[in-house]
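Take a look at the structure below.
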Amino acid sequence: MIHESAVINSDKKAPNPIIFCGAGPGDPDLITVKGQQALAAADLVVYAGSLVPEALLKWTRPECRHLSSAGLHLDEMVSTMADAWQAGRKVVRLHTGDPCLYGAIFEQMAQLSRRDIPYTVIPGVTAAFAAAAALGVEYTLPEISQTLILTRMAGRTPVPESETLASLAAHRTTMAIYLSISMVDEMTRILSTAYGTDGACAVVYRASQPDQKIIWTTTGQLAETVKKEKITRTALVVVGRVLDVSLEALVHRSRLYDRHFAHGYREAENHQ
């Protein structure tokens, strides 16, 4: 079944579609080129004011109107974007990270679809990838972990019963936990049970931003460390065995660059 919104979204002939744009993790230079171009052409930018740094707005023209959505409810926000679009203006809805991840964009798309207003999406860099860059780690090391779970704990927004942190942590794979630092006591208990109290763990506060802070800890000391550092929001927790592997201790390597491994672009070396 094709959603009506997807049909509108794929209409390449639609004039000036409203653009849902990923702002990236915070560093204004980590927005995509396409996102930067969209901001440069915009007449109205509705941005997630509580999350998107205003530094991102430097890519807009002086005459562009900036509107924080922090104080708006869904109907107000969509009506503002719709009115601007109907007046022939170019509208960008600027979301933190990547819009598809905890961005609440589908409900906005649904309302635009009911109004027959076209839209499109420009992806962005999510905080988990900025955190990996800051930590200097690879989430998918051969024979250590080949799976990355992006998740959050249930708060005001519930999660399905099958996706509780405990059930996901039981896989003991690499995991990046969003929007849950306020529940760090429960998180510590769950991660300690799954990964052991000495499991490698890191907290990245405001990844990629000027006040970024990186904290290395263990699953057992997570809550104590977070409270000591007075971190209460805007932090990502990363856990998994990949954090235990140093550059010096790396043993398992990808076969992709092995001299004996052939693929469509390279023949294996023949060593007699």
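Labels for the structure tokens follow display order: chains A, B, ..., residues from 1 in each chain, ligands from 1.
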Taking the chain letters and numbering used in this document, name the residues of segment 12-253 of chain A that DSSP puts in strand (DSSP E or B), as a PyMOL selection string. chain A and resi 18-22+24+44-47+65-68+91-95+97+119-122+148-152+174-178+200-205+213-218+235-239
So that I can see what lies close to Glu54 of chain A, please list as number ranges by chain the residues with an atom at most 9 Å from it, counting only C-alpha atoms and leaving out residues fewer than 5 positions away in the same chain. A: 28, 47, 49
Go ahead and write the residues just picked, C-alpha atoms, as a PDB file, in the first residue's frame.
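Heads up, here's the output in part30.pdb:
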```pdb
ATOM      1  CA  PRO A  28      26.530  24.305  11.553  1.00  0.00           C
ATOM      2  CA  TYR A  47      13.305  25.448  13.409  1.00  0.00           C
ATOM      3  CA  GLY A  49      14.338  26.110  18.794  1.00  0.00           C
TER       4      GLY A  49
END
```
Choose the residue, out of A:Asp27, A:Glu229, A:Asp83, A:Glu76, that has the smallest atom-to-atom separation from Leu56 of chain A; count only C-alpha atoms. A:Asp27
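Take the candidates A:Gln108, A:Thr96, A:Thr234, A:Gln146 and check each one against Met77 of chain A using only C-alpha atoms; the shortest distance goes to A:Gln108.
Nearest residue to Asp244 of chain A, choosing from A:Tyr139, A:Ile181, A:Arg189, A:Gln212 and counting only C-alpha atoms: A:Tyr139.
With distances restricted to only C-alpha atoms, A:Ser208 is the closest residue to Ala132 of chain A from A:Ser79, A:Ser246, A:Ser208, A:Gln221.
By chain and then residue number, the residues within 8 Å of segment 59-63 of chain A are A:Gln36, A:Leu39, A:Ala40, A:Ala41, A:Ala42, A:Asp43, counting only C-alpha atoms and disregarding those fewer than 5 positions away in sequence.
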